[in-house]
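A.B. asks: Structure file data.csv, CSV, C-alpha atoms, is pasted below:
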chain,number,residue,atom,x,y,z
T,1,MET,CA,-15.6,21.9,11.3
T,2,THR,CA,-12.2,20.4,10.5
T,3,GLU,CA,-12.3,16.6,10.4
T,4,ALA,CA,-10.0,15.1,13.1
T,5,VAL,CA,-7.0,13.2,11.9
T,6,GLU,CA,-6.5,9.8,13.5
T,7,THR,CA,-3.1,9.3,15.0
T,8,PHE,CA,-0.7,7.1,13.0
T,9,SER,CA,1.3,4.4,14.8
T,10,LEU,CA,4.2,2.8,13.0
T,11,LYS,CA,4.2,0.1,15.6
T,12,ASP,CA,0.7,-0.9,14.7
T,13,VAL,CA,1.5,-1.0,11.0
T,14,LEU,CA,4.5,-3.2,11.8
T,15,ALA,CA,2.3,-5.6,13.7
T,16,ASP,CA,-0.3,-5.8,10.9
T,17,PHE,CA,2.2,-6.5,8.1
T,18,LYS,CA,4.0,-9.0,10.3
T,19,SER,CA,0.7,-10.7,11.0
T,20,CYS,CA,-0.1,-10.7,7.3
T,21,LEU,CA,2.2,-13.6,6.6
T,22,ALA,CA,0.8,-17.1,7.2
T,23,ASN,CA,1.6,-20.7,6.3
T,24,ASP,CA,5.4,-20.3,6.5
T,25,ASN,CA,5.0,-16.8,4.9
T,26,GLN,CA,3.4,-18.0,1.7
T,27,ASP,CA,-0.1,-16.7,2.2
T,28,VAL,CA,-1.0,-13.0,2.7
T,29,LEU,CA,-4.0,-12.7,5.1
T,30,MET,CA,-6.5,-10.1,3.9
T,31,ASP,CA,-7.7,-8.7,7.2
T,32,TYR,CA,-4.3,-7.8,8.5
T,33,TYR,CA,-3.3,-6.4,5.1
T,34,LEU,CA,-6.3,-4.1,5.1
T,35,SER,CA,-5.6,-3.1,8.7
T,36,GLY,CA,-2.0,-2.3,7.8
T,37,TRP,CA,-3.3,-0.2,4.9
T,38,ARG,CA,-5.7,1.7,7.2
T,39,GLY,CA,-2.6,2.6,9.3
T,40,LEU,CA,-0.8,3.8,6.1
T,41,VAL,CA,-3.8,6.0,5.3
T,42,LYS,CA,-3.5,7.6,8.8
T,43,PHE,CA,0.2,8.2,7.9
T,44,MET,CA,-0.7,10.0,4.7
T,45,ASN,CA,-3.6,11.9,6.3
T,46,SER,CA,-1.2,13.1,9.0
T,47,LEU,CA,0.6,15.1,6.4
T,48,GLY,CA,-2.6,17.1,5.4
T,49,SER,CA,-3.8,17.1,1.8
T,50,ILE,CA,-0.4,16.3,0.3
T,51,PHE,CA,-1.2,12.6,-0.3
T,52,THR,CA,-4.9,12.9,-0.8
T,53,PHE,CA,-4.6,11.8,-4.4
T,54,VAL,CA,-3.5,8.4,-3.1
T,55,SER,CA,-5.2,8.1,0.3
T,56,LYS,CA,-8.8,8.7,-1.0
T,57,ASP,CA,-8.4,6.0,-3.6
T,58,ALA,CA,-6.8,3.7,-1.0
T,59,VAL,CA,-9.8,4.2,1.4
T,60,ALA,CA,-12.2,3.3,-1.5
T,61,LYS,CA,-10.3,0.2,-2.3
T,62,ILE,CA,-10.1,-0.9,1.4
T,63,GLN,CA,-13.9,-0.5,1.7
T,64,ILE,CA,-14.5,-2.6,-1.4
T,65,MET,CA,-12.4,-5.4,0.1
T,66,GLU,CA,-14.1,-5.1,3.5
T,67,GLY,CA,-17.4,-5.6,1.7
T,68,TYR,CA,-16.1,-8.8,0.1
T,69,ARG,CA,-15.0,-10.0,3.5
T,70,LYS,CA,-18.4,-9.4,5.0
T,71,SER,CA,-20.3,-11.0,2.1
T,72,THR,CA,-21.6,-14.6,1.9
T,73,GLU,CA,-18.4,-15.4,0.0
T,74,GLY,CA,-16.2,-13.8,2.7
T,75,GLU,CA,-14.1,-16.9,3.3
T,76,LYS,CA,-13.0,-16.9,-0.3
T,77,TYR,CA,-11.3,-13.6,0.5
T,78,ASN,CA,-9.5,-14.8,3.6
T,79,SER,CA,-6.1,-14.5,1.8
T,80,PHE,CA,-4.8,-13.2,-1.4
T,81,GLN,CA,-4.2,-16.7,-2.6
T,82,SER,CA,-7.7,-17.9,-1.9
T,83,MET,CA,-9.1,-14.7,-3.5
T,84,VAL,CA,-7.1,-15.2,-6.7
T,85,GLU,CA,-8.1,-18.9,-6.9
T,86,TYR,CA,-11.8,-18.2,-6.4
T,87,GLU,CA,-12.1,-15.2,-8.7
T,88,LEU,CA,-10.2,-16.7,-11.6
T,89,ALA,CA,-12.2,-20.0,-11.3
T,90,ALA,CA,-15.5,-18.0,-11.2
T,91,LYS,CA,-14.4,-15.7,-14.1
T,92,LEU,CA,-14.8,-12.6,-11.9
T,93,VAL,CA,-11.7,-10.9,-13.2
T,94,ASP,CA,-11.5,-8.8,-16.3
T,95,LEU,CA,-8.3,-9.9,-17.9
T,96,GLU,CA,-8.8,-7.6,-20.9
T,97,LYS,CA,-10.1,-4.1,-21.3
T,98,ARG,CA,-13.7,-4.8,-20.2
T,99,SER,CA,-15.8,-3.4,-17.4
T,100,ASP,CA,-17.8,-6.4,-16.3
T,101,HIS,CA,-16.0,-6.6,-13.0
T,102,PRO,CA,-14.3,-3.3,-12.4
T,103,ASN,CA,-14.2,-3.8,-8.7
T,104,SER,CA,-13.0,-7.4,-8.6
T,105,GLY,CA,-10.9,-8.3,-5.6
T,106,CYS,CA,-7.9,-9.0,-7.8
T,107,ARG,CA,-8.0,-5.7,-9.5
T,108,THR,CA,-8.7,-3.8,-6.3
T,109,ILE,CA,-5.8,-5.4,-4.4
T,110,LEU,CA,-3.5,-4.7,-7.4
T,111,ARG,CA,-4.2,-1.0,-7.0
T,112,LEU,CA,-3.3,-1.1,-3.3
T,113,HIS,CA,-0.3,-3.3,-4.1
T,114,ARG,CA,1.1,-0.7,-6.5
T,115,ALA,CA,0.6,2.1,-4.0
T,116,LEU,CA,2.3,0.0,-1.3
T,117,HIS,CA,5.4,-0.3,-3.5
T,118,TRP,CA,5.7,3.5,-3.6
T,119,LEU,CA,5.3,3.8,0.2
T,120,GLN,CA,7.7,0.9,0.8
T,121,LEU,CA,10.4,2.6,-1.4
T,122,PHE,CA,9.8,6.0,0.3
T,123,LEU,CA,9.9,4.7,3.9
T,124,ASP,CA,13.0,2.7,3.0
T,125,ARG,CA,14.6,5.9,1.8
T,126,LEU,CA,13.6,7.6,5.1
T,127,ARG,CA,15.2,4.6,7.0
T,128,THR,CA,18.5,5.1,5.3
T,129,SER,CA,18.5,8.9,5.0
T,130,THR,CA,20.5,11.5,6.9
T,131,THR,CA,19.3,14.7,8.5
T,132,GLU,CA,20.4,16.6,5.3
T,133,SER,CA,18.3,14.4,3.1
T,134,LYS,CA,15.3,16.1,1.3
T,135,THR,CA,12.1,14.2,1.8
T,136,SER,CA,10.7,15.8,-1.3
T,137,THR,CA,13.5,14.2,-3.4
T,138,MET,CA,13.1,10.8,-1.6
T,139,CYS,CA,9.4,10.7,-2.2
T,140,THR,CA,9.6,11.9,-5.8
T,141,ASP,CA,12.2,9.3,-6.6
T,142,ALA,CA,10.1,6.6,-5.0
T,143,TYR,CA,7.0,7.7,-6.9
T,144,ASN,CA,8.8,7.8,-10.2
T,145,GLU,CA,10.1,4.3,-9.7
T,146,SER,CA,6.6,2.9,-8.9
T,147,LEU,CA,3.2,4.5,-8.9
T,148,SER,CA,3.8,7.1,-11.5
T,149,ASN,CA,3.9,4.4,-14.2
T,150,TYR,CA,0.1,3.9,-13.6
T,151,HIS,CA,-1.0,7.5,-13.3
T,152,PRO,CA,-2.0,9.9,-16.1
T,153,TRP,CA,0.0,13.1,-16.7
T,154,ILE,CA,-2.2,15.4,-14.7
T,155,VAL,CA,-1.9,13.2,-11.6
T,156,ARG,CA,1.8,13.0,-12.0
T,157,LYS,CA,2.0,16.7,-12.2
T,158,THR,CA,-0.2,17.2,-9.1
T,159,ALA,CA,2.0,14.7,-7.2
T,160,ALA,CA,5.2,16.5,-8.2
T,161,VAL,CA,3.9,19.8,-6.9
T,162,ALA,CA,2.5,18.2,-3.7
T,163,PHE,CA,5.8,16.5,-2.9
T,164,CYS,CA,7.6,19.9,-2.8
T,165,ALA,CA,5.6,20.8,0.3
T,166,LEU,CA,6.6,17.8,2.3
T,167,PRO,CA,7.9,18.4,5.8
T,168,ASN,CA,11.5,17.6,6.8
T,169,ARG,CA,12.8,14.3,8.0
T,170,ASP,CA,12.4,15.1,11.7
T,171,THR,CA,8.7,16.0,11.2
T,172,PHE,CA,8.1,12.6,9.5
T,173,PHE,CA,9.8,10.9,12.4
T,174,ASP,CA,7.6,12.8,14.9
T,175,ILE,CA,4.5,11.7,12.9
T,176,MET,CA,5.4,8.0,13.4
T,177,ASN,CA,4.8,8.3,17.1
T,178,VAL,CA,7.6,5.9,18.1
T,179,GLY,CA,9.9,8.2,20.1
T,180,THR,CA,13.3,9.5,19.3
T,181,SER,CA,14.8,9.5,15.8
T,182,ASP,CA,16.9,6.5,16.9
T,183,GLU,CA,13.8,4.6,18.1
T,184,VAL,CA,12.1,5.4,14.8
T,185,LEU,CA,15.0,4.0,12.8
T,186,VAL,CA,15.0,0.8,14.9
T,187,MET,CA,11.3,0.4,14.2
T,188,LEU,CA,11.7,1.1,10.5
T,189,ASN,CA,14.5,-1.4,10.3
T,190,GLU,CA,12.2,-4.0,11.9
T,191,ALA,CA,9.1,-3.1,9.8
T,192,MET,CA,10.4,-2.7,6.3
T,193,PRO,CA,11.5,-6.3,5.7
T,194,TYR,CA,7.9,-7.5,6.5
T,195,VAL,CA,6.4,-4.8,4.2
T,196,ALA,CA,8.8,-5.9,1.5
T,197,GLN,CA,8.0,-9.5,2.0
T,198,VAL,CA,4.3,-8.9,1.7
T,199,TYR,CA,4.9,-6.9,-1.5
T,200,GLU,CA,7.1,-9.6,-3.0
T,201,ILE,CA,4.8,-12.5,-2.3
T,202,THR,CA,1.9,-10.5,-3.8
T,203,GLN,CA,4.0,-9.6,-6.8
T,204,GLN,CA,4.9,-13.3,-7.4
T,205,LEU,CA,1.3,-14.4,-7.0
T,206,TYR,CA,0.1,-11.9,-9.5
T,207,ALA,CA,2.9,-12.6,-11.9
T,208,GLN,CA,2.2,-16.4,-11.7
T,209,HIS,CA,-1.4,-15.8,-12.8
T,210,ASN,CA,-0.7,-13.0,-15.3
T,211,LEU,CA,-2.6,-10.4,-13.2
T,212,LEU,CA,0.0,-7.6,-13.0
T,213,ASP,CA,-1.5,-5.6,-15.9
T,214,LEU,CA,-5.2,-5.9,-15.1
T,215,PRO,CA,-7.0,-3.0,-16.8
So that I can check it, write out the structure of this file as structure tokens.
C.D. replies:
Amino acid sequence: MTEAVETFSLKDVLADFKSCLANDNQDVLMDYYLSGWRGLVKFMNSLGSIFTFVSKDAVAKIQIMEGYRKSTEGEKYNSFQSMVEYELAAKLVDLEKRSDHPNSGCRTILRLHRALHWLQLFLDRLRTSTTESKTSTMCTDAYNESLSNYHPWIVRKTAAVAFCALPNRDTFFDIMNVGTSDEVLVMLNEAMPYVAQVYEITQQLYAQHNLLDLP
């Protein structure tokens, strides 16, 4: 039996990433971030197996973080900022090539953060594209500027082949379940600044604590 694919909603993802930002947009709230990512997984799964190499890993990372939120230390993981402060103070982060804490929250979120950058760049290209623009080219360029830097050769090769099978721009817009192409563009114009802001705040937080290159 074929597993049912949950319907993606760009509107829901927009709401989640907008709600991520707290305390004058300085903190990133974990629950809304994970909810936003669950929406992005639906987006990738809507395209079949093309993005499986990212979506499966994203699901695993989401589950790890959900486990932390449900644990006795759950409040320590209320935001990215509280997570970083707690894990660094408790020495729960492998800052060198060790495997004592391979599933630390800091490392797990970093992997989602890197993947978010790729999707951010790709969706932004869709937002500014024309009907003649090739989604395969847009997605490949976004990948090469971001996530490919952290993938081994075999994964990069698999991704390159997968992107060639991407549907056209209009099909992507249909998947977003917003309405007409114009309505999709309006929603993307509203959503992308929030996604970009969440990414930049996270990037600055990790840079501040020298966490961007966690093994």
A.B. asks: Quick one: of T:Lys76, T:Arg169, T:Lys70, T:Lys56, who's nearest to Ser133 of chain T, counting only C-alpha atoms?
C.D. replies: T:Arg169
A.B. asks: Ranking T:Leu123, T:Ile50, T:Ala159, T:Ala58 by minimum distance to Val195 of chain T and counting all atoms listed in the file, which one comes first?
C.D. replies: T:Leu123
A.B. asks: Select, from T:Val198, T:Leu166, T:Leu14, T:Ala115, the residue with the minimum atom-to-atom distance to Asn149 of chain T, counting all atoms listed in the file.
C.D. replies: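 Answer, going by the shortest atom-to-atom distance: T:Ala115.
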A.B. asks: Fewer than 4 positions away in the same chain doesn't count, so skip those; otherwise give me all residues within 8 Å of segment 177-189 of chain T, counting all atoms listed in the file, as a VMD selection string.
C.D. replies: chain T and resid 8 to 11 123 to 124 127 170 173 193
A.B. asks: Rounded to one decimal place, report the atom CA of Asp94 of chain T-atom CA of Arg107 of chain T distance in Å.
C.D. replies: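 So the two atoms, atom CA of Asp94 of chain T and atom CA of Arg107 of chain T, lie 8.3 Å apart.
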A.B. asks: Of the candidates T:Gln120, T:Met65, T:Thr128, T:Ala160, which one gets nearest to Tyr194 of chain T if we count all atoms listed in the file?
C.D. replies: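 Nearest candidate to Tyr194 of chain T out of T:Gln120, T:Met65, T:Thr128, T:Ala160: T:Gln120.
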A.B. asks: Using all atoms listed in the file, which residue out of T:Ala165, T:Ser79, T:Ser71, T:Ser46 lies closest to Tyr32 of chain T?
C.D. replies: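 Residue with the minimum atom-to-atom distance to Tyr32 of chain T: T:Ser79.
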A.B. asks: Please indicate the distance in Å from atom CA of Gly48 of chain T to atom CA of Lys61 of chain T, rounded to one decimal place.
C.D. replies: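 Interatomic distance, atom CA of Gly48 of chain T to atom CA of Lys61 of chain T: 20.1 Å.
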A.B. asks: Which is closest to Met83 of chain T among T:Leu21, T:Val28, T:Val155, T:Ile175, if we use all atoms listed in the file?
C.D. replies: T:Val28
A.B. asks: Would you work out the distance separating atom CA of Phe17 of chain T from atom CA of Val84 of chain T, expressed in Å to one decimal?
C.D. replies: 19.5 Å
A.B. asks: Could you pull the residues within 12 Å of Ser82 of chain T, counting only C-alpha atoms, minus those fewer than 4 positions along the same chain, as a ChimeraX atom specification?
C.D. replies: /T:26-30,73-78,86-89,105-106,205
A.B. asks: Dump as a list in words all residues having an atom at most 12 Å from (-1.3, 17.3, 2.5), computed in the file's coordinates with only C-alpha atoms.
C.D. replies: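 Residues with an atom close enough to that point: Val5, Val41, Lys42, Phe43, Met44, Asn45, Ser46, Leu47, Gly48, Ser49, Ile50, Phe51, Thr52, Phe53, Val54, Ser55, Lys56, Thr158, Ala159, Val161, Ala162, Phe163, Cys164, Ala165, Leu166 and Pro167 of chain T.
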A.B. asks: What would segment 86-109 of chain T look like with N, CA, C and O atoms restored, written as a PDB file, in the coordinates of the input?
C.D. replies:
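New file result.pdb:
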ATOM      1  N   TYR T  86     -10.310 -18.232  -6.275  1.00  0.00           N
ATOM      2  CA  TYR T  86     -11.800 -18.200  -6.400  1.00  0.00           C
ATOM      3  C   TYR T  86     -12.204 -17.285  -7.557  1.00  0.00           C
ATOM      4  O   TYR T  86     -13.041 -17.701  -8.382  1.00  0.00           O
ATOM      5  N   GLU T  87     -11.653 -16.088  -7.656  1.00  0.00           N
ATOM      6  CA  GLU T  87     -12.100 -15.200  -8.700  1.00  0.00           C
ATOM      7  C   GLU T  87     -11.757 -15.633 -10.095  1.00  0.00           C
ATOM      8  O   GLU T  87     -12.551 -15.453 -11.027  1.00  0.00           O
ATOM      9  N   LEU T  88     -10.607 -16.224 -10.254  1.00  0.00           N
ATOM     10  CA  LEU T  88     -10.200 -16.700 -11.600  1.00  0.00           C
ATOM     11  C   LEU T  88     -11.133 -17.914 -11.965  1.00  0.00           C
ATOM     12  O   LEU T  88     -11.602 -17.994 -13.109  1.00  0.00           O
ATOM     13  N   ALA T  89     -11.384 -18.815 -11.020  1.00  0.00           N
ATOM     14  CA  ALA T  89     -12.200 -20.000 -11.300  1.00  0.00           C
ATOM     15  C   ALA T  89     -13.659 -19.545 -11.633  1.00  0.00           C
ATOM     16  O   ALA T  89     -14.321 -20.138 -12.499  1.00  0.00           O
ATOM     17  N   ALA T  90     -14.135 -18.500 -10.960  1.00  0.00           N
ATOM     18  CA  ALA T  90     -15.500 -18.000 -11.200  1.00  0.00           C
ATOM     19  C   ALA T  90     -15.603 -16.990 -12.286  1.00  0.00           C
ATOM     20  O   ALA T  90     -16.686 -16.452 -12.536  1.00  0.00           O
ATOM     21  N   LYS T  91     -14.473 -16.708 -12.951  1.00  0.00           N
ATOM     22  CA  LYS T  91     -14.400 -15.700 -14.100  1.00  0.00           C
ATOM     23  C   LYS T  91     -14.928 -14.357 -13.620  1.00  0.00           C
ATOM     24  O   LYS T  91     -15.726 -13.707 -14.311  1.00  0.00           O
ATOM     25  N   LEU T  92     -14.442 -13.926 -12.471  1.00  0.00           N
ATOM     26  CA  LEU T  92     -14.800 -12.600 -11.900  1.00  0.00           C
ATOM     27  C   LEU T  92     -13.780 -11.557 -12.147  1.00  0.00           C
ATOM     28  O   LEU T  92     -13.892 -10.458 -11.616  1.00  0.00           O
ATOM     29  N   VAL T  93     -12.760 -11.883 -12.950  1.00  0.00           N
ATOM     30  CA  VAL T  93     -11.700 -10.900 -13.200  1.00  0.00           C
ATOM     31  C   VAL T  93     -11.643 -10.550 -14.660  1.00  0.00           C
ATOM     32  O   VAL T  93     -11.666 -11.411 -15.544  1.00  0.00           O
ATOM     33  N   ASP T  94     -11.605  -9.247 -14.923  1.00  0.00           N
ATOM     34  CA  ASP T  94     -11.500  -8.800 -16.300  1.00  0.00           C
ATOM     35  C   ASP T  94     -10.024  -8.792 -16.707  1.00  0.00           C
ATOM     36  O   ASP T  94      -9.236  -7.935 -16.307  1.00  0.00           O
ATOM     37  N   LEU T  95      -9.674  -9.761 -17.501  1.00  0.00           N
ATOM     38  CA  LEU T  95      -8.300  -9.900 -17.900  1.00  0.00           C
ATOM     39  C   LEU T  95      -7.967  -9.029 -19.141  1.00  0.00           C
ATOM     40  O   LEU T  95      -6.814  -8.829 -19.498  1.00  0.00           O
ATOM     41  N   GLU T  96      -9.007  -8.512 -19.791  1.00  0.00           N
ATOM     42  CA  GLU T  96      -8.800  -7.600 -20.900  1.00  0.00           C
ATOM     43  C   GLU T  96      -9.555  -6.306 -20.608  1.00  0.00           C
ATOM     44  O   GLU T  96     -10.105  -6.132 -19.527  1.00  0.00           O
ATOM     45  N   LYS T  97      -9.543  -5.395 -21.559  1.00  0.00           N
ATOM     46  CA  LYS T  97     -10.100  -4.100 -21.300  1.00  0.00           C
ATOM     47  C   LYS T  97     -11.662  -4.156 -21.394  1.00  0.00           C
ATOM     48  O   LYS T  97     -12.290  -3.741 -22.354  1.00  0.00           O
ATOM     49  N   ARG T  98     -12.249  -4.717 -20.355  1.00  0.00           N
ATOM     50  CA  ARG T  98     -13.700  -4.800 -20.200  1.00  0.00           C
ATOM     51  C   ARG T  98     -14.075  -4.189 -18.881  1.00  0.00           C
ATOM     52  O   ARG T  98     -13.230  -3.935 -18.039  1.00  0.00           O
ATOM     53  N   SER T  99     -15.363  -3.984 -18.668  1.00  0.00           N
ATOM     54  CA  SER T  99     -15.800  -3.400 -17.400  1.00  0.00           C
ATOM     55  C   SER T  99     -16.865  -4.232 -16.721  1.00  0.00           C
ATOM     56  O   SER T  99     -17.704  -3.723 -16.000  1.00  0.00           O
ATOM     57  N   ASP T 100     -16.837  -5.543 -16.978  1.00  0.00           N
ATOM     58  CA  ASP T 100     -17.800  -6.400 -16.300  1.00  0.00           C
ATOM     59  C   ASP T 100     -17.604  -6.501 -14.837  1.00  0.00           C
ATOM     60  O   ASP T 100     -18.545  -6.584 -14.063  1.00  0.00           O
ATOM     61  N   HIS T 101     -16.317  -6.494 -14.424  1.00  0.00           N
ATOM     62  CA  HIS T 101     -16.000  -6.600 -13.000  1.00  0.00           C
ATOM     63  C   HIS T 101     -14.935  -5.597 -12.605  1.00  0.00           C
ATOM     64  O   HIS T 101     -13.837  -5.947 -12.196  1.00  0.00           O
ATOM     65  N   PRO T 102     -15.285  -4.294 -12.698  1.00  0.00           N
ATOM     66  CA  PRO T 102     -14.300  -3.300 -12.400  1.00  0.00           C
ATOM     67  C   PRO T 102     -13.810  -3.248 -10.968  1.00  0.00           C
ATOM     68  O   PRO T 102     -12.729  -2.729 -10.669  1.00  0.00           O
ATOM     69  N   ASN T 103     -14.619  -3.821 -10.065  1.00  0.00           N
ATOM     70  CA  ASN T 103     -14.200  -3.800  -8.700  1.00  0.00           C
ATOM     71  C   ASN T 103     -13.923  -5.248  -8.161  1.00  0.00           C
ATOM     72  O   ASN T 103     -14.130  -5.569  -6.989  1.00  0.00           O
ATOM     73  N   SER T 104     -13.420  -6.090  -9.052  1.00  0.00           N
ATOM     74  CA  SER T 104     -13.000  -7.400  -8.600  1.00  0.00           C
ATOM     75  C   SER T 104     -11.964  -7.308  -7.524  1.00  0.00           C
ATOM     76  O   SER T 104     -11.205  -6.337  -7.472  1.00  0.00           O
ATOM     77  N   GLY T 105     -11.905  -8.307  -6.652  1.00  0.00           N
ATOM     78  CA  GLY T 105     -10.900  -8.300  -5.600  1.00  0.00           C
ATOM     79  C   GLY T 105      -9.491  -8.237  -6.144  1.00  0.00           C
ATOM     80  O   GLY T 105      -8.634  -7.517  -5.630  1.00  0.00           O
ATOM     81  N   CYS T 106      -9.236  -9.006  -7.205  1.00  0.00           N
ATOM     82  CA  CYS T 106      -7.900  -9.000  -7.800  1.00  0.00           C
ATOM     83  C   CYS T 106      -7.465  -7.678  -8.301  1.00  0.00           C
ATOM     84  O   CYS T 106      -6.327  -7.244  -8.073  1.00  0.00           O
ATOM     85  N   ARG T 107      -8.360  -6.986  -8.979  1.00  0.00           N
ATOM     86  CA  ARG T 107      -8.000  -5.700  -9.500  1.00  0.00           C
ATOM     87  C   ARG T 107      -7.874  -4.656  -8.352  1.00  0.00           C
ATOM     88  O   ARG T 107      -6.960  -3.824  -8.364  1.00  0.00           O
ATOM     89  N   THR T 108      -8.754  -4.739  -7.371  1.00  0.00           N
ATOM     90  CA  THR T 108      -8.700  -3.800  -6.300  1.00  0.00           C
ATOM     91  C   THR T 108      -7.431  -3.929  -5.451  1.00  0.00           C
ATOM     92  O   THR T 108      -6.776  -2.927  -5.127  1.00  0.00           O
ATOM     93  N   ILE T 109      -7.045  -5.157  -5.147  1.00  0.00           N
ATOM     94  CA  ILE T 109      -5.800  -5.400  -4.400  1.00  0.00           C
ATOM     95  C   ILE T 109      -4.588  -4.967  -5.221  1.00  0.00           C
ATOM     96  O   ILE T 109      -3.608  -4.438  -4.682  1.00  0.00           O
TER      97      ILE T 109
END
